[in-house]
>>> print(open('work-v1.txt').read())   # compact mmCIF, C-alpha atoms
# COMPACT_ATOMS: atom_id res chain seq x y z
CA MET Z 12 21.58 16.10 -40.69
CA LEU Z 13 20.67 16.78 -37.06
CA LYS Z 14 23.61 16.32 -34.71
CA ILE Z 15 22.84 14.88 -31.30
CA ASP Z 16 25.30 15.73 -28.54
CA VAL Z 17 25.21 12.59 -26.40
CA PRO Z 18 27.16 13.96 -23.37
CA SER Z 19 24.90 17.03 -23.22
CA LEU Z 20 21.78 14.87 -23.25
CA PHE Z 21 23.10 12.71 -20.43
CA ILE Z 22 24.11 15.79 -18.42
CA ALA Z 23 20.66 17.32 -18.96
CA MET Z 24 18.97 14.11 -17.87
CA THR Z 25 21.15 13.88 -14.75
CA LEU Z 26 20.40 17.51 -13.92
CA ASN Z 27 16.66 16.83 -14.28
CA LEU Z 28 16.98 13.77 -12.07
CA ALA Z 29 18.86 15.79 -9.46
CA ILE Z 30 16.18 18.50 -9.46
CA ILE Z 31 13.42 15.89 -9.16
CA SER Z 32 15.19 14.01 -6.36
CA VAL Z 33 15.52 17.24 -4.36
CA THR Z 34 12.10 18.79 -5.00
CA LEU Z 35 9.88 15.69 -5.09
CA PRO Z 36 10.14 14.81 -1.37
CA TYR Z 37 9.48 18.44 -0.45
CA PHE Z 38 6.35 18.83 -2.57
CA MET Z 39 4.98 15.36 -1.80
CA GLY Z 40 5.29 16.05 1.93
CA ARG Z 41 4.72 13.23 4.41
CA VAL Z 42 4.18 10.03 2.45
CA ASN Z 43 3.89 6.33 3.12
CA ARG Z 44 6.31 3.52 2.37
CA ALA Z 45 5.58 3.21 -1.35
CA ALA Z 46 6.28 6.87 -2.09
CA ARG Z 47 9.39 6.80 0.09
CA CYS Z 48 10.69 3.84 -1.91
CA ALA Z 49 10.05 5.71 -5.16
CA GLN Z 50 11.85 8.77 -3.82
CA ALA Z 51 14.80 6.61 -2.71
CA GLY Z 52 14.91 5.02 -6.17
CA ILE Z 53 15.11 8.41 -7.86
CA ILE Z 54 17.84 9.60 -5.48
CA LEU Z 55 19.90 6.45 -6.07
CA GLN Z 56 19.56 6.71 -9.85
CA THR Z 57 20.60 10.35 -9.65
CA ALA Z 58 23.67 9.36 -7.65
CA GLY Z 59 24.42 6.67 -10.22
CA TRP Z 60 24.33 9.03 -13.17
CA LEU Z 61 26.37 11.65 -11.32
CA SER Z 62 29.01 8.99 -10.60
CA LEU Z 63 29.01 7.81 -14.21
CA ILE Z 64 29.45 11.33 -15.58
CA ALA Z 65 32.14 12.05 -12.98
CA SER Z 66 34.03 8.90 -14.02
CA SER Z 67 34.52 10.34 -17.53
CA ALA Z 68 36.63 13.15 -16.05
CA PHE Z 69 39.34 10.66 -15.00
CA PRO Z 70 41.73 8.58 -17.12
CA GLN Z 71 39.88 5.66 -18.66
CA GLY Z 72 40.60 2.41 -16.82
CA GLY Z 73 42.21 4.13 -13.82
CA TRP Z 74 41.28 3.52 -10.21
CA ALA Z 75 38.99 6.56 -10.04
CA ASP Z 76 37.18 5.48 -13.21
CA HIS Z 77 36.90 1.97 -11.81
CA LEU Z 78 35.53 3.12 -8.46
CA LEU Z 79 33.07 5.69 -9.80
CA SER Z 80 31.80 3.44 -12.60
CA THR Z 81 31.21 0.55 -10.21
CA LEU Z 82 29.47 2.89 -7.78
CA ALA Z 83 27.31 4.14 -10.65
CA MET Z 84 26.19 0.61 -11.52
CA ALA Z 85 25.42 -0.12 -7.86
CA CYS Z 86 23.32 3.04 -7.50
CA VAL Z 87 21.40 2.64 -10.75
CA SER Z 88 20.55 -1.02 -10.11
CA SER Z 89 19.68 -0.32 -6.46
CA GLY Z 90 17.45 2.53 -7.57
CA MET Z 91 15.53 0.09 -9.76
CA VAL Z 92 15.12 -2.22 -6.75
CA PHE Z 93 13.53 0.58 -4.71
CA ASN Z 94 11.32 1.53 -7.65
CA ALA Z 95 10.22 -2.10 -7.93
CA MET Z 96 9.30 -2.06 -4.24
CA ALA Z 97 7.21 1.07 -4.78
CA PHE Z 98 5.41 -0.46 -7.77
CA GLN Z 99 4.63 -3.62 -5.80
CA LEU Z 100 3.18 -1.63 -2.91
CA TRP Z 101 1.15 0.60 -5.21
CA CYS Z 102 -0.34 -2.55 -6.77
CA GLY Z 103 -1.39 -3.77 -3.33
CA ARG Z 104 1.24 -6.50 -3.03
CA ASP Z 105 4.03 -7.15 -0.56
CA ALA Z 106 7.31 -5.41 -1.36
CA SER Z 107 9.00 -8.65 -2.43
CA VAL Z 108 11.90 -7.78 -4.75
CA ARG Z 109 14.34 -10.63 -4.16
CA LEU Z 110 15.06 -11.27 -7.83
CA PRO Z 111 15.73 -7.61 -8.82
CA ALA Z 112 17.84 -7.21 -5.67
CA ALA Z 113 19.83 -10.38 -6.42
CA ILE Z 114 20.46 -9.18 -9.99
CA ALA Z 115 21.66 -5.81 -8.64
CA VAL Z 116 24.18 -7.50 -6.34
CA VAL Z 117 25.45 -9.92 -8.99
CA MET Z 118 25.66 -7.22 -11.65
CA THR Z 119 27.61 -4.80 -9.43
CA ALA Z 120 30.02 -7.49 -8.21
CA GLY Z 121 30.68 -8.81 -11.70
CA TYR Z 122 31.12 -5.32 -13.09
CA GLY Z 123 33.69 -4.43 -10.45
CA ILE Z 124 35.61 -7.69 -10.87
CA GLY Z 125 35.64 -7.63 -14.66
CA PHE Z 126 36.08 -3.89 -15.10
CA SER Z 127 39.39 -4.21 -16.96
CA ASP Z 128 37.64 -6.08 -19.81
CA TYR Z 129 35.61 -3.38 -21.57
CA ALA Z 130 33.57 -5.78 -23.73
CA PHE Z 131 32.67 -7.89 -20.71
CA ARG Z 132 31.67 -5.05 -18.43
CA VAL Z 133 29.50 -3.35 -21.06
CA GLY Z 134 27.74 -6.55 -22.04
CA TRP Z 135 27.44 -7.69 -18.42
CA ALA Z 136 26.11 -4.44 -16.97
CA ASN Z 137 23.67 -3.61 -19.76
CA GLY Z 138 22.47 -7.18 -20.12
CA LEU Z 139 21.76 -7.63 -16.41
CA LEU Z 140 20.15 -4.20 -16.12
CA ALA Z 141 17.87 -5.19 -18.99
CA LEU Z 142 17.09 -8.46 -17.18
CA GLN Z 143 16.40 -6.58 -13.95
CA ILE Z 144 13.97 -4.27 -15.72
CA ALA Z 145 12.33 -7.30 -17.36
CA THR Z 146 11.53 -8.76 -13.93
CA VAL Z 147 9.89 -5.49 -12.93
CA VAL Z 148 7.88 -5.37 -16.17
CA VAL Z 149 6.63 -8.92 -15.64
CA THR Z 150 5.53 -8.02 -12.11
CA LEU Z 151 3.71 -4.91 -13.34
CA CYS Z 152 1.85 -7.00 -15.93
CA ARG Z 153 0.42 -9.24 -13.22
CA PRO Z 154 -3.11 -8.29 -12.13
CA PRO Z 155 -2.87 -5.86 -9.19
CA ARG Z 156 -4.65 -6.52 -5.92
CA LEU Z 157 -6.02 -2.99 -5.88
CA ALA Z 158 -7.90 -0.99 -8.45
CA VAL Z 159 -5.11 1.07 -10.02
CA GLY Z 160 -5.06 3.55 -12.86
CA ARG Z 161 -3.35 3.49 -16.24
CA TRP Z 162 -0.04 4.57 -14.76
CA ARG Z 163 0.85 0.87 -14.57
CA TRP Z 164 0.79 0.48 -18.35
CA LEU Z 165 2.65 3.76 -18.83
CA LEU Z 166 5.42 2.33 -16.65
CA VAL Z 167 5.37 -0.93 -18.62
CA ILE Z 168 5.91 1.02 -21.85
CA CYS Z 169 8.70 3.18 -20.39
CA LEU Z 170 10.54 0.26 -18.84
CA SER Z 171 10.14 -1.90 -21.95
CA VAL Z 172 11.74 0.79 -24.10
CA GLN Z 173 14.64 1.13 -21.68
CA MET Z 174 15.00 -2.66 -21.51
CA ALA Z 175 15.16 -2.96 -25.31
CA VAL Z 176 17.78 -0.23 -25.64
CA LEU Z 177 19.89 -1.71 -22.83
CA ALA Z 178 19.73 -5.14 -24.48
CA CYS Z 179 20.96 -3.64 -27.76
CA ARG Z 180 23.79 -1.86 -25.96
CA ALA Z 181 24.74 -5.12 -24.26
CA VAL Z 182 25.00 -6.96 -27.57
CA LEU Z 183 26.88 -4.17 -29.31
CA GLY Z 184 29.27 -3.62 -26.42
CA ALA Z 185 30.02 -7.32 -25.95
CA PHE Z 186 30.27 -8.52 -29.56
CA TYR Z 187 30.84 -5.38 -31.65
CA THR Z 188 33.20 -3.54 -29.34
CA ASP Z 189 35.13 -1.79 -32.13
CA GLU Z 190 31.92 -0.12 -33.29
CA PHE Z 191 30.96 0.85 -29.76
CA PRO Z 192 34.17 1.87 -28.01
CA ASN Z 193 32.83 4.62 -25.72
CA PHE Z 194 29.66 5.21 -23.71
CA PHE Z 195 29.56 8.93 -24.46
CA GLY Z 196 30.64 8.64 -28.09
CA PRO Z 197 28.47 9.92 -30.98
CA TYR Z 198 27.21 6.47 -31.94
CA LEU Z 199 23.67 5.68 -32.99
CA VAL Z 200 22.93 3.39 -30.07
CA ASN Z 201 24.22 6.02 -27.64
CA GLN Z 202 22.06 8.67 -29.28
CA ILE Z 203 19.00 6.42 -29.12
CA PHE Z 204 19.75 5.59 -25.49
CA ALA Z 205 20.22 9.26 -24.56
CA LEU Z 206 17.02 10.35 -26.31
CA SER Z 207 14.95 7.46 -24.97
CA SER Z 208 16.32 7.92 -21.44
CA ASN Z 209 15.33 11.60 -21.40
CA SER Z 210 11.85 10.99 -22.79
CA MET Z 211 11.21 7.92 -20.63
CA LEU Z 212 12.34 9.87 -17.56
CA VAL Z 213 9.54 12.38 -18.12
CA LEU Z 214 6.93 9.67 -18.68
CA SER Z 215 8.16 7.62 -15.72
CA MET Z 216 7.91 10.61 -13.40
CA ALA Z 217 4.38 11.22 -14.66
CA ALA Z 218 3.51 7.57 -13.95
CA ILE Z 219 4.97 7.74 -10.43
CA LEU Z 220 3.02 10.91 -9.64
CA LEU Z 221 -0.17 9.31 -10.99
CA ALA Z 222 0.44 6.23 -8.84
CA HIS Z 223 0.94 8.44 -5.79
CA ARG Z 224 -2.25 10.34 -6.64
CA ASP Z 225 -4.19 7.04 -6.85
CA GLU Z 226 -2.87 6.04 -3.46
CA ALA Z 227 -3.75 9.41 -1.95
CA ALA Z 228 -7.29 9.05 -3.32
CA ARG Z 229 -7.57 5.59 -1.73
CA ASP Z 230 -6.34 6.99 1.58
CA LEU Z 231 -8.95 9.74 1.46
CA GLU Z 232 -11.65 7.18 0.71
CA ARG Z 233 -10.46 5.03 3.61
CA LEU Z 234 -10.46 8.03 5.96
CA ALA Z 235 -14.01 8.79 4.86
CA THR Z 236 -15.19 5.29 5.83
CA ILE Z 237 -13.03 4.34 8.84
CA ASP Z 238 -13.31 5.67 12.37
CA GLY Z 239 -9.96 7.31 13.04
CA LEU Z 240 -9.67 6.19 16.68
CA THR Z 241 -10.81 2.57 16.59
CA GLY Z 242 -10.13 1.50 13.00
CA VAL Z 243 -13.61 0.05 12.43
CA LEU Z 244 -16.15 1.48 10.00
CA ASN Z 245 -17.72 4.80 10.83
CA ARG Z 246 -21.48 5.21 11.07
CA ARG Z 247 -22.07 6.48 7.54
CA ALA Z 248 -20.06 3.72 5.88
CA TRP Z 249 -21.64 1.04 8.06
CA LEU Z 250 -25.18 2.20 7.28
CA LYS Z 251 -24.43 2.02 3.57
CA GLN Z 252 -22.96 -1.49 3.84
CA ALA Z 253 -25.67 -2.68 6.22
CA SER Z 254 -28.46 -1.49 3.94
CA ALA Z 255 -26.98 -3.46 1.04
CA ASP Z 256 -26.52 -6.57 3.20
CA LEU Z 257 -30.07 -6.33 4.51
CA ALA Z 258 -31.44 -6.11 0.95
CA ASN Z 259 -29.44 -9.22 0.00
CA SER Z 260 -30.73 -11.11 3.04
CA VAL Z 261 -34.32 -10.37 1.96
CA ARG Z 262 -33.61 -11.38 -1.63
CA TYR Z 263 -31.97 -14.69 -0.72
CA ARG Z 264 -34.09 -15.39 2.38
CA GLN Z 265 -31.09 -15.48 4.70
CA PRO Z 266 -31.25 -14.55 8.40
CA ILE Z 267 -29.61 -11.33 9.53
CA GLY Z 268 -29.43 -9.45 12.80
CA VAL Z 269 -28.30 -6.21 14.40
CA LEU Z 270 -26.40 -6.02 17.69
CA LEU Z 271 -26.25 -2.51 19.18
CA LEU Z 272 -23.73 -2.17 22.04
CA ASP Z 273 -22.94 0.56 24.55
CA LEU Z 274 -19.98 0.54 26.95
CA ASP Z 275 -21.10 0.63 30.57
CA HIS Z 276 -20.21 3.65 32.73
CA PHE Z 277 -17.95 5.13 30.07
CA LYS Z 278 -18.21 8.64 31.51
CA GLN Z 279 -16.85 7.31 34.80
CA ILE Z 280 -13.94 5.72 32.93
CA ASN Z 281 -13.03 9.11 31.46
CA ASP Z 282 -13.53 10.91 34.78
CA LEU Z 283 -11.57 8.42 36.89
CA HIS Z 284 -8.83 7.32 34.49
CA GLY Z 285 -8.61 10.16 31.97
CA HIS Z 286 -9.62 10.49 28.35
CA ALA Z 287 -6.43 8.83 27.09
CA LEU Z 288 -7.34 5.59 28.86
CA GLY Z 289 -10.92 6.06 27.70
CA ASP Z 290 -9.66 6.12 24.13
CA ARG Z 291 -7.66 2.95 24.81
CA ALA Z 292 -10.84 1.33 26.12
CA LEU Z 293 -12.66 2.17 22.88
CA GLN Z 294 -9.76 0.79 20.86
CA LEU Z 295 -9.70 -2.40 22.92
CA PHE Z 296 -13.43 -2.87 22.50
CA ALA Z 297 -13.13 -2.45 18.72
CA ALA Z 298 -10.28 -4.98 18.72
CA GLY Z 299 -12.56 -7.39 20.53
CA LEU Z 300 -15.31 -6.92 17.95
CA ARG Z 301 -12.85 -7.74 15.17
CA ALA Z 302 -11.43 -10.71 17.07
CA VAL Z 303 -14.76 -12.50 17.54
CA SER Z 304 -16.37 -11.54 14.21
CA ARG Z 305 -16.89 -14.07 11.45
CA ALA Z 306 -16.37 -13.42 7.76
CA GLY Z 307 -19.34 -11.30 6.68
CA ASP Z 308 -19.91 -9.63 10.07
CA THR Z 309 -19.64 -5.84 9.82
CA CYS Z 310 -18.95 -3.69 12.87
CA CYS Z 311 -18.75 0.05 13.33
CA ARG Z 312 -18.39 2.77 15.90
CA TYR Z 313 -21.92 4.11 15.87
CA GLY Z 314 -21.15 7.17 17.95
CA GLY Z 315 -19.30 7.99 21.16
CA GLU Z 316 -19.10 4.76 23.15
CA GLU Z 317 -21.78 3.02 21.04
CA PHE Z 318 -20.88 0.29 18.56
CA CYS Z 319 -22.99 -1.72 16.15
CA VAL Z 320 -22.57 -5.10 14.47
CA LEU Z 321 -24.51 -6.50 11.53
CA LEU Z 322 -24.33 -10.30 11.53
CA ASN Z 323 -25.05 -11.81 8.12
CA GLY Z 324 -26.52 -15.30 8.02
CA ALA Z 325 -27.01 -15.32 11.80
CA ASN Z 326 -30.14 -16.30 13.68
CA CYS Z 327 -30.79 -15.16 17.23
CA ALA Z 328 -28.81 -18.06 18.70
CA ALA Z 329 -25.79 -17.16 16.56
CA ILE Z 330 -26.04 -13.52 17.61
CA MET Z 331 -26.14 -14.48 21.28
CA ALA Z 332 -23.15 -16.77 20.71
CA TYR Z 333 -21.31 -13.77 19.24
CA ASP Z 334 -22.25 -11.77 22.32
CA ALA Z 335 -20.92 -14.54 24.59
CA ARG Z 336 -17.62 -14.70 22.68
CA LEU Z 337 -17.20 -10.94 22.96
CA ARG Z 338 -17.86 -10.92 26.71
CA GLU Z 339 -15.38 -13.76 27.21
CA TRP Z 340 -12.77 -11.93 25.11
CA LEU Z 341 -13.20 -8.74 27.14
CA ALA Z 342 -12.97 -10.68 30.40
CA GLN Z 343 -9.60 -12.04 29.28
CA HIS Z 344 -8.12 -8.86 27.85
CA SER Z 345 -9.59 -5.74 29.46
CA GLN Z 346 -8.13 -6.11 32.97
CA PRO Z 347 -4.52 -6.74 31.80
CA ALA Z 348 -4.70 -4.01 29.15
CA LEU Z 349 -6.63 -1.31 31.00
CA GLY Z 350 -6.38 -2.13 34.70
CA PHE Z 351 -10.15 -2.56 35.06
CA ALA Z 352 -12.90 -4.77 33.62
CA LEU Z 353 -14.74 -3.47 30.59
CA SER Z 354 -18.40 -4.39 30.16
CA TYR Z 355 -21.27 -3.34 27.93
CA SER Z 356 -25.02 -3.43 27.48
CA ALA Z 357 -26.56 -4.47 24.18
CA GLY Z 358 -29.80 -4.86 22.25
CA VAL Z 359 -30.57 -7.35 19.47
CA ASP Z 360 -33.08 -7.10 16.67
CA MET Z 361 -33.88 -9.04 13.49
CA PRO Z 362 -36.23 -8.22 10.58
CA ILE Z 363 -39.93 -8.92 11.01
CA HIS Z 364 -41.11 -7.86 7.56
CA ASP Z 365 -39.33 -7.64 4.23
CA SER Z 366 -39.98 -3.90 4.30
CA ASP Z 367 -37.98 -3.41 7.50
CA SER Z 368 -35.12 -1.00 6.90
CA ILE Z 369 -31.82 -0.85 8.72
CA ASP Z 370 -33.05 2.27 10.53
CA ILE Z 371 -36.06 0.34 11.85
CA LEU Z 372 -33.83 -2.49 13.08
CA LEU Z 373 -31.59 0.03 14.83
CA GLN Z 374 -34.53 1.76 16.50
CA ARG Z 375 -35.85 -1.51 17.88
CA ALA Z 376 -32.36 -2.65 18.97
CA ASP Z 377 -31.93 0.71 20.70
CA VAL Z 378 -35.13 0.08 22.71
CA ALA Z 379 -33.76 -3.31 23.79
CA LEU Z 380 -30.43 -1.69 24.67
CA TYR Z 381 -32.06 0.82 27.02
CA ARG Z 382 -34.05 -1.98 28.63
CA ALA Z 383 -30.73 -3.75 29.28
CA LYS Z 384 -29.37 -0.59 30.89
CA ALA Z 385 -32.49 -0.21 33.00
CA GLN Z 386 -32.09 -3.79 34.25
CA GLY Z 387 -28.65 -3.07 35.63
CA ARG Z 388 -26.34 -3.06 32.58
CA GLY Z 389 -23.84 -5.76 31.60
CA CYS Z 390 -26.44 -7.82 29.72
CA THR Z 391 -27.87 -8.27 26.23
CA LEU Z 392 -31.60 -8.28 25.52
CA VAL Z 393 -33.58 -9.05 22.39
CA THR Z 394 -36.45 -6.90 21.19
CA ARG Z 395 -39.07 -9.68 21.25
CA SER Z 396 -39.33 -13.02 23.01
CA ASP Z 397 -40.11 -14.82 19.76
CA LEU Z 398 -36.63 -13.98 18.42
CA ALA Z 399 -35.20 -16.74 20.58
CA LEU Z 400 -37.01 -19.21 18.33
CA MET Z 401 -35.55 -17.82 15.11
>>> encode(input="work-v1.txt", output="structure tokens")
Amino acid sequence: MLKIDVPSLFIAMTLNLAIISVTLPYFMGRVNRAARCAQAGIILQTAGWLSLIASSAFPQGGWADHLLSTLAMACVSSGMVFNAMAFQLWCGRDASVRLPAAIAVVMTAGYGIGFSDYAFRVGWANGLLALQIATVVVTLCRPPRLAVGRWRWLLVICLSVQMAVLACRAVLGAFYTDEFPNFFGPYLVNQIFALSSNSMLVLSMAAILLAHRDEAARDLERLATIDGLTGVLNRRAWLKQASADLANSVRYRQPIGVLLLDLDHFKQINDLHGHALGDRALQLFAAGLRAVSRAGDTCCRYGGEEFCVLLNGANCAAIMAYDARLREWLAQHSQPALGFALSYSAGVDMPIHDSDSIDILLQRADVALYRAKAQGRGCTLVTRSDLALM
């Protein structure tokens, strides 16, 4: 019959955790909050297992055993809290982990207070750890707010196995103490726990790396569509979205319009105030576009100091109302933020024929924009006089 050395398995698992906790931050490099939470969770769980193994080197029930064992429970349960935060963030939700955190506090406090009663502390710690994991599993089973990969279900499987084994250990330790007198003893439940912990560690690390890869892919996609300075869409992404919106407006016979805007005297801003303040001016202008936009309006940095807005479901009057709101917003915010007033010239166009493409609308709006510049800047003109009736 195969003999399973429980202490060796736990030591091997702790060594693997220690290696992962040291190397993972280095190889992942600069990461965001979710990955940092996952890294913190691994480090805390490593510290917990190191404390638990160290406690076995001291007389059972002594002060050192008491201190190290309680510290181990605190670290392991806190590590699960940080992991839960990471999972929430990777699923696109807020990092709300009040219940797992409350269980961690209650479990650690109860374990430390009732340490002298072996049956109580084993049942209490394992039972509440199983409950803590259950809360994380339930959260993972909820539909995520982002499109995530299969790593979520891999984590559900890993955590469910650990939860089941912990629940069994809680029952055996609390009610069958004579058959389960030692955590590191060669008992079946210890062997199952050691084997499952080692295997689930590998699968959990794979799931965490897959989750981080998904997030990195989303970040790359976002960088490919967002202008890095202003935070609005870049030209390529806007053209793609605008073309789809224009096709829908033709299909459903809904009005739509293009507003092409150019900041006035932007070269003078850079020359007089420096490029840093010029960048702040662009950022402020983009903030104004977002502030006055309705749901469905799509704005972008078209290039340099040019911006563009596609206004879905808007006739010419609605577009001019948007323009008025933007000018009012800039009048209120540009002087305090920049030290000078920020103005722009703009051109408006709307489809004439169903075959009009977004490029045609932009060309006509560009003609109106240059007319506005020729008339002295600081104004918005439409491409045709009949648009005012639309």
>>> atom_distance(input="work-v1.txt", atom1="CA of Ala112 in chain Z", atom2="CA of Ser89 in chain Z")
7.2 Å
>>> residues_around(input="work-v1.txt", residues="Leu142 in chain Z", least_positions_apart="3", cutoff="9 Å", atoms="only C-alpha atoms", output="PyMOL selection string")
chain Z and resi 111+114+137-139+145-147+174+178
>>> atom_distance(input="work-v1.txt", atom1="CA of Arg291 in chain Z", atom2="CA of Leu270 in chain Z")
22.0 Å
>>> residues_around(input="work-v1.txt", residues="Leu100 in chain Z", least_positions_apart="4", cutoff="12 Å", atoms="all atoms listed in the file", output="PyMOL selection string")
chain Z and resi 43-49+93-96+104-108+150-151+155-157+159+222-223+226
>>> closest_residue(input="work-v1.txt", among="Z:Val167, Z:Tyr122, Z:Gly160, Z:Asp308", to="Ala228 in chain Z", atoms="only C-alpha atoms")
Z:Gly160
>>> atom_distance(input="work-v1.txt", atom1="CA of Ile54 in chain Z", atom2="CA of Arg224 in chain Z")
20.1 Å
>>> residues_around(input="work-v1.txt", residues="Gly307 in chain Z", least_positions_apart="2", cutoff="10 Å", atoms="all atoms listed in the file", output="ChimeraX atom specification")
/Z:256,304-305,309-310,321-324
